[in-house]
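Shown here: target.cif, mmCIF, C-alpha atoms.
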```cif
data_input
#
loop_
_atom_site.group_PDB
_atom_site.id
_atom_site.type_symbol
_atom_site.label_atom_id
_atom_site.label_comp_id
_atom_site.auth_asym_id
_atom_site.auth_seq_id
_atom_site.Cartn_x
_atom_site.Cartn_y
_atom_site.Cartn_z
ATOM 1 C CA MET A 272 175.004 128.444 -1.161
ATOM 2 C CA SER A 273 178.006 127.057 -3.051
ATOM 3 C CA GLN A 274 179.159 128.427 -6.397
ATOM 4 C CA SER A 275 178.076 125.219 -8.144
ATOM 5 C CA GLU A 276 174.498 125.768 -6.964
ATOM 6 C CA ARG A 277 174.220 129.200 -8.585
ATOM 7 C CA GLU A 278 171.946 129.466 -11.585
ATOM 8 C CA SER A 279 173.494 131.139 -14.620
ATOM 9 C CA GLY A 280 171.255 133.767 -16.182
ATOM 10 C CA LEU A 281 169.075 134.156 -13.075
ATOM 11 C CA THR A 282 168.886 137.500 -11.273
ATOM 12 C CA SER A 283 168.024 137.419 -7.575
ATOM 13 C CA ILE A 284 166.076 140.508 -6.500
ATOM 14 C CA VAL A 285 166.400 141.249 -2.780
ATOM 15 C CA ILE A 286 163.836 143.522 -1.107
ATOM 16 C CA VAL A 287 164.293 144.393 2.574
ATOM 17 C CA ALA A 288 161.047 145.105 4.427
ATOM 18 C CA ALA A 289 160.738 146.847 7.798
ATOM 19 C CA ASP A 290 157.170 148.104 8.237
ATOM 20 C CA SER A 291 157.421 149.213 4.625
ATOM 21 C CA GLY A 292 153.695 149.514 4.000
ATOM 22 C CA PRO A 293 151.345 148.372 1.234
ATOM 23 C CA LEU A 294 153.663 149.357 -1.622
ATOM 24 C CA LEU A 295 155.704 146.238 -0.821
ATOM 25 C CA LEU A 296 153.085 144.113 -2.598
ATOM 26 C CA GLU A 297 153.270 146.283 -5.712
ATOM 27 C CA SER A 298 157.064 146.279 -5.635
ATOM 28 C CA VAL A 299 157.174 142.477 -5.569
ATOM 29 C CA LYS A 300 154.539 142.273 -8.294
ATOM 30 C CA ALA A 301 156.543 144.588 -10.552
ATOM 31 C CA ALA A 302 159.755 142.647 -9.890
ATOM 32 C CA LEU A 303 158.126 139.313 -10.730
ATOM 33 C CA ALA A 304 156.775 140.831 -13.957
ATOM 34 C CA SER A 305 160.341 141.136 -15.261
ATOM 35 C CA THR A 306 160.885 139.895 -18.799
ATOM 36 C CA ALA A 307 164.181 138.287 -17.670
ATOM 37 C CA PRO A 308 164.431 135.237 -15.366
ATOM 38 C CA VAL A 309 164.255 136.368 -11.725
ATOM 39 C CA GLU A 310 163.626 135.227 -8.204
ATOM 40 C CA VAL A 311 162.436 137.631 -5.514
ATOM 41 C CA ILE A 312 163.523 137.357 -1.892
ATOM 42 C CA VAL A 313 161.816 139.556 0.679
ATOM 43 C CA ALA A 314 163.968 139.842 3.790
ATOM 44 C CA ASP A 315 161.655 140.897 6.619
ATOM 45 C CA ASN A 316 163.215 142.825 9.499
ATOM 46 C CA ALA A 317 160.466 142.036 12.029
ATOM 47 C CA SER A 318 157.714 144.090 10.402
ATOM 48 C CA SER A 319 154.645 144.673 12.564
ATOM 49 C CA ASP A 320 152.371 145.813 9.710
ATOM 50 C CA GLY A 321 151.718 142.295 8.401
ATOM 51 C CA GLU A 322 152.653 143.234 4.836
ATOM 52 C CA PRO A 323 155.431 140.641 4.298
ATOM 53 C CA ARG A 324 153.036 137.830 5.282
ATOM 54 C CA ARG A 325 150.375 139.306 3.023
ATOM 55 C CA VAL A 326 152.847 139.396 0.131
ATOM 56 C CA SER A 327 153.905 135.828 0.875
ATOM 57 C CA ALA A 328 150.300 134.642 0.818
ATOM 58 C CA ALA A 329 149.649 136.455 -2.458
ATOM 59 C CA ASN A 330 152.633 134.720 -4.066
ATOM 60 C CA ALA A 331 152.296 131.317 -2.405
ATOM 61 C CA ALA A 332 151.944 129.555 -5.767
ATOM 62 C CA ASP A 333 154.944 131.276 -7.342
ATOM 63 C CA THR A 334 158.147 129.304 -6.792
ATOM 64 C CA ARG A 335 160.167 132.389 -7.728
ATOM 65 C CA PHE A 336 159.200 134.094 -4.455
ATOM 66 C CA ARG A 337 160.670 133.540 -1.005
ATOM 67 C CA LEU A 338 160.130 135.238 2.337
ATOM 68 C CA VAL A 339 163.012 135.312 4.820
ATOM 69 C CA GLU A 340 162.060 136.340 8.355
ATOM 70 C CA ASN A 341 165.005 137.739 10.290
ATOM 71 C CA GLY A 342 163.159 137.887 13.620
ATOM 72 C CA ALA A 343 164.495 141.353 14.462
ATOM 73 C CA ASN A 344 165.343 144.602 12.732
ATOM 74 C CA ILE A 345 168.954 143.764 11.951
ATOM 75 C CA GLY A 346 169.456 146.673 9.570
ATOM 76 C CA PHE A 347 169.424 147.043 5.806
ATOM 77 C CA GLY A 348 172.941 145.850 4.968
ATOM 78 C CA PRO A 349 172.859 142.736 7.173
ATOM 79 C CA ALA A 350 169.438 141.765 5.773
ATOM 80 C CA CYS A 351 170.747 142.166 2.215
ATOM 81 C CA ASN A 352 173.793 140.045 2.987
ATOM 82 C CA ARG A 353 171.708 137.243 4.519
ATOM 83 C CA ALA A 354 169.343 137.162 1.562
ATOM 84 C CA ALA A 355 172.233 137.238 -0.918
ATOM 85 C CA ALA A 356 173.813 134.246 0.828
ATOM 86 C CA ILE A 357 170.805 132.049 0.000
ATOM 87 C CA ALA A 358 170.030 133.570 -3.403
ATOM 88 C CA ARG A 359 170.400 131.309 -6.422
ATOM 89 C CA GLY A 360 171.184 133.905 -9.094
ATOM 90 C CA ASP A 361 174.552 134.795 -10.559
ATOM 91 C CA ALA A 362 173.510 138.462 -10.408
ATOM 92 C CA LEU A 363 171.908 140.441 -7.588
ATOM 93 C CA VAL A 364 169.546 143.410 -7.488
ATOM 94 C CA PHE A 365 168.873 145.230 -4.221
ATOM 95 C CA LEU A 366 165.535 146.981 -4.588
ATOM 96 C CA ASN A 367 163.698 149.305 -2.211
ATOM 97 C CA PRO A 368 160.267 148.101 -1.045
ATOM 98 C CA ASP A 369 158.596 151.243 -2.427
ATOM 99 C CA CYS A 370 160.271 151.003 -5.839
ATOM 100 C CA LEU A 371 158.402 149.717 -8.915
ATOM 101 C CA ILE A 372 160.908 148.470 -11.469
ATOM 102 C CA GLU A 373 160.043 148.412 -15.171
ATOM 103 C CA PRO A 374 159.635 144.961 -16.796
ATOM 104 C CA ASP A 375 162.632 145.294 -19.128
ATOM 105 C CA ALA A 376 165.040 146.791 -16.576
ATOM 106 C CA ILE A 377 166.561 143.538 -15.278
ATOM 107 C CA GLY A 378 167.139 142.167 -18.759
ATOM 108 C CA GLY A 379 168.693 145.452 -19.818
ATOM 109 C CA LEU A 380 171.030 145.519 -16.833
ATOM 110 C CA ARG A 381 172.125 141.943 -17.456
ATOM 111 C CA ALA A 382 172.818 142.696 -21.103
ATOM 112 C CA ILE A 383 175.074 145.630 -20.178
ATOM 113 C CA SER A 384 176.864 143.601 -17.522
ATOM 114 C CA ASP A 385 177.320 140.588 -19.772
ATOM 115 C CA ARG A 386 178.825 142.733 -22.542
ATOM 116 C CA ASP A 387 181.414 144.323 -20.257
ATOM 117 C CA ARG A 388 182.705 142.643 -17.091
ATOM 118 C CA SER A 389 184.301 145.892 -15.930
ATOM 119 C CA PHE A 390 180.945 147.070 -14.522
ATOM 120 C CA GLY A 391 180.704 146.408 -10.804
ATOM 121 C CA VAL A 392 177.528 148.355 -9.957
ATOM 122 C CA LEU A 393 174.788 149.440 -12.327
ATOM 123 C CA GLY A 394 171.955 151.760 -11.418
ATOM 124 C CA ILE A 395 168.900 152.857 -13.364
ATOM 125 C CA GLU A 396 166.935 156.057 -13.944
ATOM 126 C CA VAL A 397 164.829 156.247 -10.782
ATOM 127 C CA ARG A 398 161.865 158.626 -11.013
ATOM 128 C CA THR A 399 159.276 159.994 -8.602
ATOM 129 C CA PRO A 400 155.611 159.069 -9.137
ATOM 130 C CA GLU A 401 155.300 162.431 -10.935
ATOM 131 C CA GLY A 402 157.964 161.380 -13.449
ATOM 132 C CA VAL A 403 160.723 163.632 -12.122
ATOM 133 C CA PRO A 404 164.236 162.159 -11.726
ATOM 134 C CA ALA A 405 164.660 161.202 -8.070
ATOM 135 C CA ARG A 406 167.399 162.467 -5.782
ATOM 136 C CA GLY A 407 170.657 160.581 -5.832
ATOM 137 C CA ASN A 408 170.527 159.010 -9.285
ATOM 138 C CA ARG A 409 173.971 160.396 -10.126
ATOM 139 C CA ARG A 410 176.189 161.196 -7.192
ATOM 140 C CA ARG A 411 179.764 161.904 -6.284
ATOM 141 C CA ASP A 412 181.450 160.589 -3.159
ATOM 142 C CA PRO A 413 180.175 162.764 -0.266
ATOM 143 C CA MET A 414 183.574 164.061 0.813
ATOM 144 C CA LEU A 415 183.601 166.966 3.252
ATOM 145 C CA ARG A 416 184.185 169.722 0.685
ATOM 146 C CA ARG A 417 181.394 168.487 -1.566
ATOM 147 C CA ALA A 418 178.996 168.020 1.344
ATOM 148 C CA LEU A 419 179.642 171.611 2.456
ATOM 149 C CA MET A 420 179.034 172.898 -1.070
ATOM 150 C CA THR A 421 175.716 171.043 -1.186
ATOM 151 C CA MET A 422 174.578 172.084 2.300
ATOM 152 C CA SER A 423 175.518 175.743 1.763
ATOM 153 C CA GLY A 424 173.770 175.939 -1.598
ATOM 154 C CA LEU A 425 176.978 176.944 -3.371
ATOM 155 C CA ALA A 426 176.802 173.799 -5.481
ATOM 156 C CA ARG A 427 174.228 175.490 -7.705
ATOM 157 C CA PHE A 428 177.059 177.634 -9.087
ATOM 158 C CA GLU A 429 179.067 174.581 -10.158
ATOM 159 C CA SER A 430 178.545 175.185 -13.882
ATOM 160 C CA ARG A 431 180.308 178.535 -13.538
ATOM 161 C CA TRP A 432 182.844 177.600 -10.850
ATOM 162 C CA PRO A 433 183.712 173.871 -10.801
ATOM 163 C CA ALA A 434 185.327 174.292 -7.367
ATOM 164 C CA PHE A 435 181.777 174.557 -5.987
ATOM 165 C CA ALA A 436 180.877 171.017 -7.112
ATOM 166 C CA GLY A 437 178.594 169.249 -4.647
ATOM 167 C CA VAL A 438 177.509 165.669 -4.052
ATOM 168 C CA GLU A 439 174.677 165.652 -6.603
ATOM 169 C CA MET A 440 175.846 165.831 -10.198
ATOM 170 C CA PRO A 441 174.309 168.512 -12.447
ATOM 171 C CA ALA A 442 172.046 167.685 -15.363
ATOM 172 C CA ARG A 443 174.019 165.651 -17.864
ATOM 173 C CA SER A 444 175.000 167.165 -21.190
ATOM 174 C CA SER A 445 175.655 163.852 -22.967
ATOM 175 C CA VAL A 446 172.948 161.525 -24.287
ATOM 176 C CA GLY A 447 174.752 158.203 -23.821
ATOM 177 C CA ASP A 448 172.697 155.357 -22.432
ATOM 178 C CA VAL A 449 175.349 154.276 -19.889
ATOM 179 C CA GLU A 450 177.231 156.895 -17.864
ATOM 180 C CA ASP A 451 180.064 156.284 -15.425
ATOM 181 C CA VAL A 452 179.496 157.975 -12.070
ATOM 182 C CA GLU A 453 180.891 157.642 -8.556
ATOM 183 C CA ALA A 454 177.608 156.469 -6.996
ATOM 184 C CA VAL A 455 174.080 155.618 -8.094
ATOM 185 C CA SER A 456 170.743 155.496 -6.301
ATOM 186 C CA GLY A 457 170.504 152.870 -3.581
ATOM 187 C CA ALA A 458 166.847 152.376 -4.540
ATOM 188 C CA CYS A 459 168.001 149.879 -7.188
ATOM 189 C CA LEU A 460 171.508 148.408 -7.293
ATOM 190 C CA PHE A 461 172.578 145.703 -9.761
ATOM 191 C CA LEU A 462 175.794 143.756 -9.105
ATOM 192 C CA PRO A 463 177.257 140.615 -10.611
ATOM 193 C CA ARG A 464 177.498 138.144 -7.737
ATOM 194 C CA ARG A 465 181.245 137.714 -8.283
ATOM 195 C CA VAL A 466 181.754 141.437 -7.577
ATOM 196 C CA PHE A 467 179.451 141.441 -4.540
ATOM 197 C CA GLU A 468 181.319 138.501 -3.028
ATOM 198 C CA GLU A 469 184.751 139.903 -3.902
ATOM 199 C CA ILE A 470 184.129 143.081 -1.876
ATOM 200 C CA GLY A 471 182.425 141.209 0.986
ATOM 201 C CA GLY A 472 178.901 142.525 0.454
ATOM 202 C CA PHE A 473 177.461 145.432 2.413
ATOM 203 C CA ASP A 474 179.358 146.848 5.377
ATOM 204 C CA GLU A 475 177.121 145.707 8.254
ATOM 205 C CA ALA A 476 178.327 148.469 10.567
ATOM 206 C CA TYR A 477 175.852 150.752 8.765
ATOM 207 C CA PHE A 478 172.314 150.163 10.021
ATOM 208 C CA LEU A 479 170.343 152.233 7.534
ATOM 209 C CA HIS A 480 171.455 154.772 4.907
ATOM 210 C CA VAL A 481 174.886 155.544 3.407
ATOM 211 C CA GLU A 482 175.707 151.823 3.002
ATOM 212 C CA ASP A 483 174.923 152.220 -0.713
ATOM 213 C CA LEU A 484 177.522 154.988 -1.063
ATOM 214 C CA ASP A 485 179.993 152.833 0.850
ATOM 215 C CA LEU A 486 179.288 149.893 -1.476
ATOM 216 C CA CYS A 487 179.834 151.977 -4.611
ATOM 217 C CA HIS A 488 183.081 153.374 -3.191
ATOM 218 C CA ARG A 489 184.475 149.925 -2.377
ATOM 219 C CA VAL A 490 183.452 148.540 -5.778
ATOM 220 C CA ARG A 491 185.449 151.309 -7.440
ATOM 221 C CA GLU A 492 188.377 150.697 -5.091
ATOM 222 C CA ALA A 493 188.326 147.072 -6.255
ATOM 223 C CA GLY A 494 188.851 148.273 -9.832
ATOM 224 C CA TYR A 495 185.299 148.059 -11.193
ATOM 225 C CA ARG A 496 183.102 150.732 -12.737
ATOM 226 C CA VAL A 497 179.949 152.233 -11.265
ATOM 227 C CA ALA A 498 177.471 153.447 -13.874
ATOM 228 C CA ILE A 499 173.858 154.384 -14.496
ATOM 229 C CA ALA A 500 171.801 152.972 -17.377
ATOM 230 C CA HIS A 501 169.603 155.923 -18.359
ATOM 231 C CA ALA A 502 167.355 153.955 -20.710
ATOM 232 C CA LEU A 503 166.174 151.670 -17.883
ATOM 233 C CA GLY A 504 163.910 152.880 -15.119
ATOM 234 C CA ALA A 505 161.790 152.505 -12.013
ATOM 235 C CA VAL A 506 159.296 154.593 -10.088
ATOM 236 C CA HIS A 507 160.193 155.266 -6.467
ATOM 237 C CA ALA A 508 157.809 156.674 -3.861
ATOM 238 C CA GLN A 509 160.870 158.076 -2.105
ATOM 239 C CA GLY A 510 160.818 157.804 1.669
ATOM 240 C CA SER A 511 157.294 156.379 1.885
ATOM 241 C CA SER A 512 158.483 153.416 3.941
ATOM 242 C CA SER A 513 160.208 155.545 6.580
ATOM 243 C CA ARG A 514 157.873 158.482 7.206
ATOM 244 C CA HIS A 515 156.292 156.892 10.268
ATOM 245 C CA ARG A 516 159.731 156.484 11.918
ATOM 246 C CA ALA A 517 161.473 159.552 10.560
ATOM 247 C CA LEU A 518 163.544 160.306 13.682
ATOM 248 C CA PHE A 519 164.803 156.711 13.891
ATOM 249 C CA VAL A 520 165.837 156.871 10.226
ATOM 250 C CA ALA A 521 167.467 160.289 10.661
ATOM 251 C CA ARG A 522 169.566 159.078 13.591
ATOM 252 C CA HIS A 523 170.926 156.136 11.641
ATOM 253 C CA LYS A 524 171.496 158.309 8.561
ATOM 254 C CA HIS A 525 173.678 160.650 10.622
ATOM 255 C CA ARG A 526 175.539 157.679 12.109
ATOM 256 C CA GLY A 527 176.152 156.436 8.579
ATOM 257 C CA MET A 528 177.476 159.828 7.481
ATOM 258 C CA TRP A 529 179.983 159.766 10.327
ATOM 259 C CA ARG A 530 181.130 156.233 9.504
ATOM 260 C CA TYR A 531 181.603 157.068 5.820
ATOM 261 C CA PHE A 532 183.600 160.184 6.729
ATOM 262 C CA MET A 533 185.871 158.212 9.038
ATOM 263 C CA LYS A 534 186.400 155.400 6.496
ATOM 264 C CA PHE A 535 187.047 157.319 3.313
ATOM 265 C CA ASP A 536 187.540 161.065 3.716
ATOM 266 C CA PRO A 537 191.173 162.249 3.969
ATOM 267 C CA ALA A 538 189.888 165.189 6.027
ATOM 268 C CA ALA A 539 189.224 162.742 8.888
ATOM 269 C CA ARG A 540 192.984 162.503 9.473
ATOM 270 C CA ASN A 541 192.959 166.065 10.789
ATOM 271 C CA PRO A 542 191.855 165.937 14.458
ATOM 272 C CA VAL A 543 190.409 169.454 14.379
ATOM 273 C CA LEU A 544 188.352 168.787 11.252
ATOM 274 C CA ARG A 545 187.320 165.408 12.666
ATOM 275 C CA ALA A 546 185.955 167.069 15.805
ATOM 276 C CA LEU A 547 184.183 169.786 13.819
ATOM 277 C CA VAL A 548 182.547 167.265 11.509
ATOM 278 C CA TRP A 549 181.369 165.126 14.448
ATOM 279 C CA LEU A 550 179.921 168.241 16.101
ATOM 280 C CA GLY A 551 178.306 169.381 12.850
ATOM 281 C CA ILE A 552 176.686 166.022 12.122
ATOM 282 C CA TRP A 553 175.144 165.634 15.554
ATOM 283 C CA THR A 554 174.156 169.295 15.843
ATOM 284 C CA HIS A 555 172.333 168.924 12.541
ATOM 285 C CA TYR A 556 170.565 165.843 13.903
ATOM 286 C CA ALA A 557 169.617 167.603 17.156
ATOM 287 C CA LEU A 558 168.191 170.555 15.241
ATOM 288 C CA SER A 559 166.104 168.205 13.102
ATOM 289 C CA ILE A 560 164.311 166.630 16.087
ATOM 290 C CA PRO A 561 161.671 169.388 16.530
ATOM 291 C CA LEU A 562 160.953 169.372 12.788
ATOM 292 C CA HIS A 563 160.414 165.601 12.758
ATOM 293 C CA ALA A 564 158.197 165.890 15.840
ATOM 294 C CA MET A 565 156.041 168.560 14.175
ATOM 295 C CA ARG A 566 155.660 166.469 11.027
ATOM 296 C CA ALA A 567 154.694 163.419 13.079
ATOM 297 C CA ARG A 568 151.983 165.395 14.882
ATOM 298 C CA SER A 569 150.634 166.788 11.605
ATOM 299 C CA ARG A 570 150.223 163.265 10.214
ATOM 300 C CA ARG A 571 148.146 162.083 13.143
#
```
Will you turn the file into structure tokens for me?
Amino acid sequence: MSQSERESGLTSIVIVAADSGPLLLESVKAALASTAPVEVIVADNASSDGEPRRVSAANAADTRFRLVENGANIGFGPACNRAAAIARGDALVFLNPDCLIEPDAIGGLRAISDRDRSFGVLGIEVRTPEGVPARGNRRRDPMLRRALMTMSGLARFESRWPAFAGVEMPARSSVGDVEDVEAVSGACLFLPRRVFEEIGGFDEAYFLHVEDLDLCHRVREAGYRVAIAHALGAVHAQGSSSRHRALFVARHKHRGMWRYFMKFDPAARNPVLRALVWLGIWTHYALSIPLHAMRARSRR
């Protein structure tokens, strides 16, 4: 879609579905209940559960809704990029299919972005259904040292010894509504379209997971800020759309970790460290296979 066809003031909400389950309907309903002008595009990666068609039928009379059928599971990033290419809004929100966004969140994000063009990515306060802040709301780049601190558990001593800082940031001491961070939760990402297009969208070499961290990193490299708006929120049933294919998701998550390491971490220049990290990532994946198998059996 050409720049002249974009609609000023409209936010295009993109939701990628891939056998995401019945929460997809509620996610779309919550998005369409926004107090700001929106359109919702569901990009279906060949779901077999029938939910995208059910959602389409439920919203057949609403011109703000569109279903895009990709015909195959092309991955999260590619599906987002395809939907963004046909979206009409001058701002984009990438929303998980099990995430229920609050009605005032889109309007609040637009207001922050409109006041200050230096923001490239804005996230919101994502909570679990129990009201607890979800994982990954406020993150640092997952460089090797930080990842090791997190995995070893040493990151819990960060307040005493800053050298032990991990990927997840500790509880914030300030009360400001908007906080600059290195990365926000991929469950809900707001970007002005001009920023999304400037950086070339999502890196399509990631299939699933870590592409959000990559996006935040490249936005900052382009000179924009990444921040979280604490006063705006959503409820996320974290992982509910991937539990039935946990091993598939885990494999692509580990692939994404390796790609991020190779793209951005200075430690990857050292051939010994590079080999150790590759071995560590895939050993961790191999060790997780029995656990995923046991969980799958227990759910049957």
*asked:* Once the PyMOL selection byres ((chain A and resi 293) around 9) is applied to the coordinates I shared, what remains selected? I want it as a list in words.
replied: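 Matching residues under the PyMOL selection byres ((chain A and resi 293) around 9) are Ser291, Gly292, Leu294, Leu295, Leu296, Glu297, Asp320, Glu322 and Asp369 of chain A.
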How close does each residue of segment 307-415 of chain A get to segment 521-543 of chain A, giving the shortest atom pair and distance in Å to one decimal for every residue with an atom at most 9 Å away, counting only C-alpha atoms, sorted by chain and residue number, as a Markdown table?
```
| residue | atom | partner | partner_atom | distance |
| --- | --- | --- | --- | --- |
| A:Pro413 | CA | A:Phe532 | CA | 8.2 |
| A:Met414 | CA | A:Asp536 | CA | 5.8 |
| A:Leu415 | CA | A:Ala538 | CA | 7.1 |
```
*Can you give me, as a ChimeraX atom specification, the residues this file yields under the PyMOL selection byres ((chain A and resi 373-381) around 9)?*
/A:280,282,301-309,362,364,371-372,382-386,393-395,461,463,500,502-506
*Mind giving me the straight-line distance from atom CA of Ser423 of chain A to atom CA of Gly402 of chain A in Å, one decimal?*
27.3 Å
_If I take atom CA of Val311 of chain A and atom CA of Ser456 of chain A, how far is one from the other in Å, to one decimal?_
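Between atom CA of Val311 of chain A and atom CA of Ser456 of chain A the gap works out to 19.7 Å.
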*Taking the file as shown, what set of residues would the PyMOL selection byres ((chain A and resi 450) around 8) give back, as a PyMOL selection string?*
chain A and resi 447-449+451-452+498-501
*asked:* What's around segment 488-496 of chain A at 9 Å? Count all atoms listed in the file, leave out sequence neighbours fewer than 2 positions away in its own chain, and write the answer as a PyMOL selection string.
replied: chain A and resi 388-393+412+451-454+466-467+469-470+483-486+498+535
*Between atom CA of Gly471 of chain A and atom CA of Ala354 of chain A, distance in Å (one decimal)*: 13.7 Å
*Of the candidates A:Asp333, A:Asp361, A:Asp315, A:Glu401, which one gets nearest to Phe347 of chain A if we count all atoms listed in the file?*
A:Asp315
Listed atoms of segment 366-376 of chain A boxed along x, y and z, 6 Å each side, centre and edge lengths in Å, one decimal, as lines of an AutoDock Vina configuration file:
```
center_x = 162.0
center_y = 148.1
center_z = -10.1
size_x = 19.1
size_y = 18.3
size_z = 30.1
```
*With distances taken over all atoms listed in the file, which of A:Ala436, A:Val287, A:Ala546, A:Leu558 is nearest to Glu340 of chain A?*
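Closest candidate: A:Val287.
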*Given all atoms listed in the file as the counted atoms, nearest of A:Val497, A:Gly424, A:Ile345, A:Glu429 to Ala442 of chain A*: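 Comparing A:Val497, A:Gly424, A:Ile345, A:Glu429 against Ala442 of chain A, the winner is A:Glu429.
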_Long-range neighbours of Ser327 of chain A as a list in words, 8 Å cut-off, only C-alpha atoms, 5 positions minimum in chain_ = Phe336, Arg337 and Leu338 of chain A
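Checking A:Ala557, A:Val438, A:Ala476, A:Leu363 one by one against Glu278 of chain A, counting all atoms listed in the file, you find the shortest gap at A:Leu363.
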